[in-house]
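Asks: Contents of protein_6.cif (mmCIF, C-alpha atoms and all ligand atoms):
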```
data_coords
#
loop_
_atom_site.label_atom_id
_atom_site.label_comp_id
_atom_site.auth_asym_id
_atom_site.auth_seq_id
_atom_site.Cartn_x
_atom_site.Cartn_y
_atom_site.Cartn_z
CA ALA Q 830 -54.42 106.61 -83.48
CA THR Q 831 -52.47 109.70 -84.38
CA PRO Q 832 -54.40 111.56 -87.07
CA THR Q 833 -51.27 113.27 -88.42
CA ALA Q 834 -49.56 109.99 -89.33
CA LEU Q 835 -52.75 108.74 -90.98
CA LEU Q 836 -53.04 111.91 -93.02
CA VAL Q 837 -49.42 111.55 -94.11
CA GLY Q 838 -50.33 108.01 -95.22
CA THR Q 839 -53.30 109.15 -97.26
CA GLY Q 840 -51.20 111.91 -98.83
CA ARG Q 841 -48.57 109.37 -99.83
CA GLY Q 842 -51.40 107.21 -101.22
CA ALA Q 843 -52.51 110.04 -103.47
CA ARG Q 844 -48.99 110.31 -104.86
CA LEU Q 845 -49.06 106.54 -105.61
CA GLY Q 846 -52.34 106.99 -107.50
CA ILE Q 847 -54.41 105.52 -104.65
CA LEU Q 848 -57.34 107.65 -103.59
CA ILE Q 849 -58.17 106.86 -99.96
CA LYS Q 850 -61.51 108.08 -98.62
CA GLY Q 851 -60.76 108.98 -95.02
CA ALA Q 852 -57.96 108.23 -92.60
CA ASP Q 853 -59.56 105.20 -90.92
CA VAL Q 854 -59.52 103.32 -94.23
CA LEU Q 855 -55.82 102.58 -93.71
CA GLU Q 856 -56.64 100.81 -90.44
CA ASP Q 857 -59.19 98.61 -92.29
CA THR Q 858 -56.67 97.91 -95.05
CA ARG Q 859 -54.16 96.58 -92.52
CA ARG Q 860 -56.66 94.00 -91.16
CA ILE Q 861 -57.50 92.42 -94.54
CA ASP Q 862 -56.66 88.70 -94.90
CA THR Q 863 -58.77 87.85 -97.96
CA ILE Q 864 -59.12 89.59 -101.29
CA VAL Q 865 -61.86 88.97 -103.84
CA LEU Q 866 -61.15 90.08 -107.41
CA ASP Q 867 -63.86 90.71 -109.99
CA LYS Q 868 -62.78 89.30 -113.36
CA THR Q 869 -63.99 91.50 -116.19
CA GLY Q 870 -62.49 94.98 -116.12
CA THR Q 871 -60.52 94.27 -112.95
CA VAL Q 872 -58.19 91.31 -113.55
CA THR Q 873 -58.76 91.77 -117.29
CA THR Q 874 -58.84 95.02 -119.25
CA GLY Q 875 -62.53 94.62 -120.06
CA ALA Q 876 -61.71 95.67 -123.63
CA MET Q 877 -63.16 92.64 -125.41
CA THR Q 878 -62.97 91.66 -129.07
CA LEU Q 879 -65.29 89.39 -131.03
CA VAL Q 880 -63.41 86.21 -131.98
CA GLN Q 881 -66.11 83.83 -133.28
CA VAL Q 882 -69.66 83.77 -134.63
CA VAL Q 883 -71.47 80.44 -135.20
CA THR Q 884 -74.97 80.45 -136.68
CA VAL Q 885 -77.86 78.02 -136.86
CA GLY Q 886 -78.82 76.71 -140.33
CA ARG Q 887 -78.44 79.20 -143.15
CA LEU Q 888 -78.43 82.37 -141.12
CA LEU Q 889 -75.45 84.48 -142.23
CA LYS Q 890 -72.87 85.51 -139.66
CA ASP Q 891 -73.31 89.16 -140.65
CA GLN Q 892 -77.08 88.94 -140.19
CA ALA Q 893 -76.65 87.52 -136.70
CA LEU Q 894 -74.04 90.14 -135.86
CA ARG Q 895 -76.18 92.97 -137.23
CA ALA Q 896 -79.18 91.94 -135.11
CA ALA Q 897 -77.04 91.51 -131.99
CA ALA Q 898 -75.24 94.83 -132.50
CA ALA Q 899 -78.51 96.69 -133.10
CA VAL Q 900 -79.71 95.55 -129.65
CA GLU Q 901 -76.35 96.05 -127.92
CA ASP Q 902 -75.94 99.59 -129.25
CA GLY Q 903 -77.88 100.64 -126.15
CA SER Q 904 -75.81 98.57 -123.66
CA GLU Q 905 -72.72 99.58 -121.72
CA HIS Q 906 -71.48 96.06 -120.93
CA PRO Q 907 -67.98 95.17 -122.26
CA VAL Q 908 -69.50 92.22 -124.20
CA ALA Q 909 -71.95 94.62 -125.85
CA ARG Q 910 -69.16 97.07 -126.76
CA ALA Q 911 -67.23 94.23 -128.46
CA ILE Q 912 -70.26 93.23 -130.53
CA VAL Q 913 -71.02 96.80 -131.64
CA THR Q 914 -67.36 97.44 -132.48
CA ALA Q 915 -67.16 94.24 -134.57
CA ALA Q 916 -70.26 95.25 -136.53
CA GLY Q 917 -68.70 98.66 -137.15
CA ALA Q 918 -65.45 97.07 -138.34
CA ARG Q 919 -67.49 95.07 -140.91
CA ALA Q 920 -69.31 98.26 -141.95
CA LEU Q 921 -72.70 96.74 -141.07
CA ARG Q 922 -75.52 99.28 -140.95
CA LEU Q 923 -77.48 98.89 -137.74
CA PRO Q 924 -81.27 99.15 -137.92
CA ALA Q 925 -82.91 101.39 -135.34
CA VAL Q 926 -84.50 99.55 -132.41
CA THR Q 927 -87.41 100.23 -130.07
CA ALA Q 928 -88.28 99.03 -126.57
CA PHE Q 929 -84.63 98.48 -125.59
CA GLU Q 930 -84.30 96.76 -122.25
CA SER Q 931 -81.09 96.01 -120.35
CA LEU Q 932 -81.05 92.73 -118.39
CA PRO Q 933 -78.24 93.26 -115.83
CA GLY Q 934 -75.94 90.26 -115.47
CA ALA Q 935 -77.69 88.47 -118.33
CA GLY Q 936 -77.93 90.52 -121.53
CA ALA Q 937 -80.29 92.88 -123.33
CA ARG Q 938 -83.26 92.85 -125.68
CA ALA Q 939 -85.02 95.18 -128.10
CA VAL Q 940 -87.40 95.15 -131.03
CA VAL Q 941 -85.49 95.07 -134.35
CA ASN Q 942 -87.57 95.34 -137.56
CA GLY Q 943 -90.68 94.24 -135.69
CA THR Q 944 -89.05 91.25 -133.95
CA LEU Q 945 -88.06 91.06 -130.28
CA VAL Q 946 -84.35 90.14 -130.38
CA THR Q 947 -82.54 88.91 -127.28
CA VAL Q 948 -78.76 88.86 -126.71
CA GLY Q 949 -77.05 87.32 -123.71
CA ARG Q 950 -76.70 84.22 -121.56
CA ALA Q 951 -78.09 80.84 -122.68
CA GLU Q 952 -80.68 80.94 -119.86
CA LEU Q 953 -82.49 83.73 -121.72
CA PHE Q 954 -83.58 81.25 -124.44
CA ASP Q 955 -86.00 78.31 -124.36
CA GLU Q 956 -83.86 76.49 -126.88
CA VAL Q 957 -80.14 76.62 -127.75
CA PRO Q 958 -79.65 74.29 -130.77
CA ASP Q 959 -76.68 71.89 -130.60
CA GLU Q 960 -74.90 73.57 -133.55
CA VAL Q 961 -74.38 76.74 -131.49
CA ALA Q 962 -74.27 75.27 -128.00
CA ARG Q 963 -70.53 74.57 -127.86
CA PRO Q 964 -68.39 77.25 -129.49
CA THR Q 965 -64.76 76.24 -129.97
CA ALA Q 966 -63.08 79.59 -129.27
CA GLU Q 967 -61.79 80.54 -125.82
CA GLY Q 968 -63.65 83.39 -124.21
CA THR Q 969 -67.08 84.55 -123.12
CA THR Q 970 -69.97 83.29 -125.24
CA VAL Q 971 -73.37 84.93 -125.54
CA TRP Q 972 -76.24 84.09 -127.86
CA VAL Q 973 -78.51 86.12 -130.10
CA GLY Q 974 -81.99 84.89 -130.98
CA TRP Q 975 -85.70 85.50 -131.25
CA GLY Q 976 -88.90 83.55 -130.73
CA GLY Q 977 -87.33 81.82 -127.72
CA ARG Q 978 -84.66 80.23 -129.92
CA ALA Q 979 -80.94 81.08 -129.98
CA ARG Q 980 -79.85 81.59 -133.62
CA ALA Q 981 -76.14 82.27 -133.22
CA SER Q 982 -73.37 82.20 -130.64
CA LEU Q 983 -70.99 85.12 -130.35
CA THR Q 984 -67.71 84.59 -128.51
CA VAL Q 985 -65.66 87.52 -127.26
CA ALA Q 986 -62.18 87.39 -125.77
CA ASP Q 987 -60.81 89.61 -123.08
CA THR Q 988 -57.18 90.44 -122.29
CA VAL Q 989 -55.69 89.83 -118.88
CA ARG Q 990 -53.96 93.00 -117.65
CA ARG Q 991 -50.21 92.40 -117.85
CA SER Q 992 -49.68 93.41 -114.23
CA SER Q 993 -52.40 91.13 -112.79
CA ALA Q 994 -50.31 87.96 -112.39
CA ARG Q 995 -47.55 89.88 -110.58
CA ALA Q 996 -50.11 91.42 -108.23
CA VAL Q 997 -51.69 88.04 -107.42
CA ARG Q 998 -48.24 86.67 -106.56
CA ASP Q 999 -47.41 89.71 -104.38
CA LEU Q 1000 -50.76 89.43 -102.57
CA ALA Q 1001 -50.01 85.78 -101.75
CA GLU Q 1002 -46.58 86.81 -100.48
CA ALA Q 1003 -48.25 89.43 -98.27
CA GLY Q 1004 -50.23 86.54 -96.75
CA LEU Q 1005 -53.59 87.19 -98.42
CA THR Q 1006 -55.96 84.57 -99.83
CA THR Q 1007 -57.20 85.58 -103.29
CA TYR Q 1008 -60.50 84.63 -104.96
CA LEU Q 1009 -61.79 85.32 -108.47
CA LEU Q 1010 -65.47 86.28 -108.68
CA THR Q 1011 -67.47 86.67 -111.88
CA GLY Q 1012 -70.85 86.54 -113.55
CA ASP Q 1013 -69.16 84.92 -116.52
CA HIS Q 1014 -69.17 81.17 -117.29
CA ASP Q 1015 -66.95 78.83 -115.36
CA ARG Q 1016 -64.81 78.02 -118.42
CA ALA Q 1017 -63.93 81.64 -119.14
CA ALA Q 1018 -63.26 82.23 -115.44
CA VAL Q 1019 -60.93 79.24 -115.08
CA THR Q 1020 -58.92 80.35 -118.14
CA VAL Q 1021 -58.28 83.75 -116.55
CA ALA Q 1022 -57.56 82.23 -113.12
CA ARG Q 1023 -54.89 79.96 -114.64
CA ASP Q 1024 -53.35 82.94 -116.44
CA VAL Q 1025 -52.85 84.90 -113.23
CA GLY Q 1026 -52.17 82.04 -110.81
CA ILE Q 1027 -55.39 81.85 -108.79
CA PRO Q 1028 -56.14 78.21 -107.83
CA VAL Q 1029 -59.20 76.79 -109.62
CA GLY Q 1030 -60.69 75.97 -106.21
CA ARG Q 1031 -60.93 79.70 -105.51
CA VAL Q 1032 -62.87 80.60 -108.64
CA VAL Q 1033 -66.51 81.53 -108.11
CA ALA Q 1034 -68.26 81.84 -111.50
CA ASP Q 1035 -71.80 82.22 -112.87
CA VAL Q 1036 -72.71 84.58 -110.04
CA ARG Q 1037 -75.67 86.89 -110.58
CA PRO Q 1038 -74.99 90.58 -109.79
CA GLU Q 1039 -77.44 90.48 -106.87
CA ASP Q 1040 -75.52 87.52 -105.40
CA LYS Q 1041 -71.99 88.93 -105.59
CA HIS Q 1042 -72.32 90.51 -102.14
CA ALA Q 1043 -73.54 87.17 -100.70
CA MET Q 1044 -70.18 85.59 -101.44
CA ILE Q 1045 -68.42 88.37 -99.51
CA ALA Q 1046 -70.85 88.02 -96.58
CA ASP Q 1047 -70.24 84.26 -96.56
CA LEU Q 1048 -66.46 84.74 -96.24
CA GLN Q 1049 -67.04 87.28 -93.45
CA ARG Q 1050 -69.27 84.80 -91.62
CA ARG Q 1051 -66.36 82.38 -91.74
CA GLY Q 1052 -64.23 84.98 -89.95
CA ARG Q 1053 -62.39 86.44 -92.90
CA VAL Q 1054 -61.68 90.16 -93.21
CA VAL Q 1055 -62.42 90.78 -96.85
CA ALA Q 1056 -61.36 93.31 -99.48
CA MET Q 1057 -63.26 93.35 -102.77
CA VAL Q 1058 -61.82 94.86 -105.95
CA GLY Q 1059 -64.29 95.68 -108.73
CA ASP Q 1060 -65.22 98.10 -111.47
CA GLY Q 1061 -68.84 97.58 -112.47
CA VAL Q 1062 -72.32 98.62 -111.45
CA ASN Q 1063 -72.81 94.91 -110.71
CA ASP Q 1064 -69.97 95.04 -108.15
CA ALA Q 1065 -71.35 97.95 -106.11
CA ALA Q 1066 -73.22 95.88 -103.50
CA ALA Q 1067 -70.22 93.59 -103.00
CA LEU Q 1068 -67.88 96.58 -102.70
CA ALA Q 1069 -70.13 98.07 -100.03
CA GLN Q 1070 -70.46 94.73 -98.19
CA ALA Q 1071 -66.69 94.14 -98.07
CA ASP Q 1072 -64.64 95.32 -95.08
CA LEU Q 1073 -62.67 97.25 -97.67
CA GLY Q 1074 -64.08 98.18 -101.08
CA ILE Q 1075 -61.54 98.99 -103.80
CA ALA Q 1076 -62.67 100.37 -107.18
CA MET Q 1077 -60.74 100.55 -110.43
CA GLY Q 1078 -60.48 104.19 -111.54
CA SER Q 1079 -61.37 103.08 -115.07
CA GLY Q 1080 -64.65 101.65 -113.80
CA THR Q 1081 -68.10 103.08 -113.26
CA ASP Q 1082 -68.90 105.94 -110.86
CA VAL Q 1083 -71.29 103.65 -108.97
CA ALA Q 1084 -68.40 101.32 -108.11
CA ALA Q 1085 -66.17 104.22 -107.03
CA GLU Q 1086 -68.92 105.64 -104.82
CA ALA Q 1087 -69.44 102.29 -103.09
CA SER Q 1088 -65.71 101.95 -102.32
CA ASP Q 1089 -63.23 103.08 -99.68
CA ILE Q 1090 -60.28 103.22 -102.07
CA VAL Q 1091 -60.14 104.15 -105.76
CA LEU Q 1092 -57.15 102.98 -107.83
CA LEU Q 1093 -56.44 105.84 -110.22
CA ARG Q 1094 -53.88 103.67 -112.10
CA SER Q 1095 -56.49 100.90 -112.60
CA GLU Q 1096 -53.86 98.22 -112.08
CA LEU Q 1097 -53.88 95.54 -109.39
CA PRO Q 1098 -50.32 96.23 -108.16
CA ALA Q 1099 -51.80 99.42 -106.70
CA VAL Q 1100 -53.74 97.16 -104.27
CA VAL Q 1101 -50.41 95.70 -103.13
CA ASP Q 1102 -49.10 99.26 -102.68
CA ALA Q 1103 -52.18 100.25 -100.66
CA ILE Q 1104 -51.67 97.32 -98.30
CA ALA Q 1105 -47.94 98.02 -97.92
CA LEU Q 1106 -48.71 101.69 -97.30
CA SER Q 1107 -51.30 100.95 -94.62
CA ARG Q 1108 -48.92 98.60 -92.82
CA ALA Q 1109 -46.06 101.12 -92.99
CA THR Q 1110 -48.22 104.07 -91.88
CA LEU Q 1111 -49.69 102.26 -88.91
CA ARG Q 1112 -46.23 101.07 -87.86
CA THR Q 1113 -45.20 104.74 -87.70
CA ILE Q 1114 -48.06 105.45 -85.31
CA ARG Q 1115 -47.29 102.67 -82.87
P1 LIG K 1 -68.91 90.19 -114.84
O1 LIG K 1 -69.10 89.70 -113.44
O2 LIG K 1 -67.94 89.31 -115.58
O3 LIG K 1 -68.49 91.65 -114.89
P2 LIG K 1 -71.84 90.51 -115.44
O4 LIG K 1 -72.37 90.08 -114.12
O5 LIG K 1 -72.02 91.94 -115.82
O6 LIG K 1 -70.30 90.03 -115.66
O7 LIG K 1 -72.54 89.63 -116.56
C1 LIG K 1 -72.53 88.25 -116.47
C2 LIG K 1 -72.67 87.64 -117.84
O8 LIG K 1 -73.93 88.02 -118.43
C3 LIG K 1 -71.63 88.11 -118.84
O9 LIG K 1 -70.45 87.34 -118.77
C4 LIG K 1 -72.36 87.87 -120.14
O10 LIG K 1 -72.31 86.50 -120.47
C5 LIG K 1 -73.80 88.22 -119.81
N1 LIG K 1 -74.15 89.62 -120.12
C6 LIG K 1 -74.33 90.65 -119.26
N2 LIG K 1 -74.68 91.77 -119.91
C7 LIG K 1 -74.71 91.47 -121.23
C8 LIG K 1 -75.01 92.20 -122.43
N3 LIG K 1 -75.34 93.48 -122.44
N4 LIG K 1 -74.94 91.51 -123.58
C9 LIG K 1 -74.60 90.21 -123.63
N5 LIG K 1 -74.32 89.48 -122.54
C10 LIG K 1 -74.37 90.09 -121.36
MG MG K 2 -66.30 93.86 -113.86
#
```
Produce structure tokens that represent the structure in this file.

Replies:
Amino acid sequence: ATPTALLVGTGRGARLGILIKGADVLEDTRRIDTIVLDKTGTVTTGAMTLVQVVTVGRLLKDQALRAAAAVEDGSEHPVARAIVTAAGARALRLPAVTAFESLPGAGARAVVNGTLVTVGRAELFDEVPDEVARPTAEGTTVWVGWGGRARASLTVADTVRRSSARAVRDLAEAGLTTYLLTGDHDRAAVTVARDVGIPVGRVVADVRPEDKHAMIADLQRRGRVVAMVGDGVNDAAALAQADLGIAMGSGTDVAAEASDIVLLRSELPAVVDAIALSRATLRTIR
């Protein structure tokens, strides 16, 4: 290929807010036929708000929230940020914790007032009582509890980025097959997929961070040339595994480092622009 044309392409990318790491990335971009989108922070803003708290027995909502927020104060996950922000909005004073431990893709735990408190997915508890097992609000639900027992459910809602649906449509028009990939529950994932027009059959939910890259590898084994778009630490292995890794500029440094392209605008239409740019640039060369 002609290096000059490729460099012109990468320069134009920079002006579109697309940071391209090296000229040969455009060649990879042109070959992509499948695109896997992470949900939280990629298709959605990742700025979550607490919408519902349901407690077991006579435990007060504020007590459950205070315990959860005390633990989550040490977490960086969007769910954790929502819980801490909600406690702040209710002016709850958070007790200091010790022995904080992050459980990637699952939750976090710490000792609060002498008790080991866990916050996160239902699998972290031996028992999730019926009263808190099925929250009615739409969104992502996590549980807070101690002694092996979940004591309250906390549901947070995320906002789909306004430009995501348009991007999904444009990607389909460009001939790409789009998947939604997430560690979140199936129900939350399907809601977002419907919002942006990804068929339910192409939603892969409940995926552990260490398994995200396996889904990419599986598509590659079936002959697909795959781009992955993500933002989190938990996406890094998948971004590296993909034929083309694309990181949201608003995401973590780990994701950006594992990627070939960084979207400074943090909006999915920039992916469409990157593909159009690569096709146009390589046409110039030929
Ligand atoms: P995603 O793929 O949506 O970015 P993750 O793989 O990071 O999500 O996490 C998967 C799920 O684990 C989350 O949807 C949430 O239910 C739970 N989770 C992860 N970290 C935390 C945390 N710090 N607090 C509560 N729940 C968490
Ligand atoms: Mg994410």

Asks: Using only C-alpha atoms and all ligand atoms, find each protein or nucleic acid residue lying at most 7 Å from ligand MG 2 (chain K); present the set as a ChimeraX atom specification.

Replies: /Q:867-871,1059-1061,1064

Asks: Under the rule that all atoms listed in the file are counted, which of Q:Pro924, Q:Ala1003, Q:His906, Q:Arg1016 is the nearest residue to ligand LIG 1 (chain K)?

Replies: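 Checking each of Q:Pro924, Q:Ala1003, Q:His906, Q:Arg1016 against ligand LIG 1 (chain K), counting all atoms listed in the file, the winner is Q:His906.
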
Asks: Would you compute the distance between CA of Val973 in chain Q and CA of Leu932 in chain Q? Give it in Å to one decimal.

Replies: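 Going from CA of Val973 in chain Q over to CA of Leu932 in chain Q, I get 13.7 Å.
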
Asks: Within 9 Å of (-56.8, 105.2, -96.4) in the file's own coordinates, which protein, DNA or RNA residues have an atom, counting all atoms listed in the file? List them as a PyMOL selection string.

Replies: chain Q and resi 835-836+838-839+842+847-858+1089-1090+1103+1106-1107

Asks: Output C-alpha atoms for every residue in that selection, as a PDB file, keeping the file's coordinate frame.

Replies:
```pdb
ATOM      1  CA  LEU Q 835     -52.750 108.740 -90.980  1.00  0.00           C
ATOM      2  CA  LEU Q 836     -53.040 111.910 -93.020  1.00  0.00           C
ATOM      3  CA  GLY Q 838     -50.330 108.010 -95.220  1.00  0.00           C
ATOM      4  CA  THR Q 839     -53.300 109.150 -97.260  1.00  0.00           C
ATOM      5  CA  GLY Q 842     -51.400 107.210-101.220  1.00  0.00           C
ATOM      6  CA  ILE Q 847     -54.410 105.520-104.650  1.00  0.00           C
ATOM      7  CA  LEU Q 848     -57.340 107.650-103.590  1.00  0.00           C
ATOM      8  CA  ILE Q 849     -58.170 106.860 -99.960  1.00  0.00           C
ATOM      9  CA  LYS Q 850     -61.510 108.080 -98.620  1.00  0.00           C
ATOM     10  CA  GLY Q 851     -60.760 108.980 -95.020  1.00  0.00           C
ATOM     11  CA  ALA Q 852     -57.960 108.230 -92.600  1.00  0.00           C
ATOM     12  CA  ASP Q 853     -59.560 105.200 -90.920  1.00  0.00           C
ATOM     13  CA  VAL Q 854     -59.520 103.320 -94.230  1.00  0.00           C
ATOM     14  CA  LEU Q 855     -55.820 102.580 -93.710  1.00  0.00           C
ATOM     15  CA  GLU Q 856     -56.640 100.810 -90.440  1.00  0.00           C
ATOM     16  CA  ASP Q 857     -59.190  98.610 -92.290  1.00  0.00           C
ATOM     17  CA  THR Q 858     -56.670  97.910 -95.050  1.00  0.00           C
ATOM     18  CA  ASP Q1089     -63.230 103.080 -99.680  1.00  0.00           C
ATOM     19  CA  ILE Q1090     -60.280 103.220-102.070  1.00  0.00           C
ATOM     20  CA  ALA Q1103     -52.180 100.250-100.660  1.00  0.00           C
ATOM     21  CA  LEU Q1106     -48.710 101.690 -97.300  1.00  0.00           C
ATOM     22  CA  SER Q1107     -51.300 100.950 -94.620  1.00  0.00           C
TER      23      SER Q1107
END
```

Asks: When the cut-off is 7 Å and you count only C-alpha atoms and all ligand atoms, which residues lie near ligand LIG 1 (chain K), shown as an MDAnalysis selection string?

Replies: chainID Q and resid 867:870 901 904:906 908:909 931:937 948:950 969:971 1010:1014 1036:1038 1061 1063

Asks: If we count all atoms listed in the file and set the cut-off at 7 Å, which residues sit around Thr878 in chain Q, ignoring sequence neighbours fewer than 5 positions away in its own chain? Please answer as a PyMOL selection string.

Replies: chain Q and resi 911+985-987

Asks: What lies within 6 Å of range 1069-1083 of chain Q using all atoms listed in the file, ignoring chain neighbours under 3 positions off, as a PyMOL selection string?

Replies: chain Q and resi 1055-1062+1066+1086-1093+1095
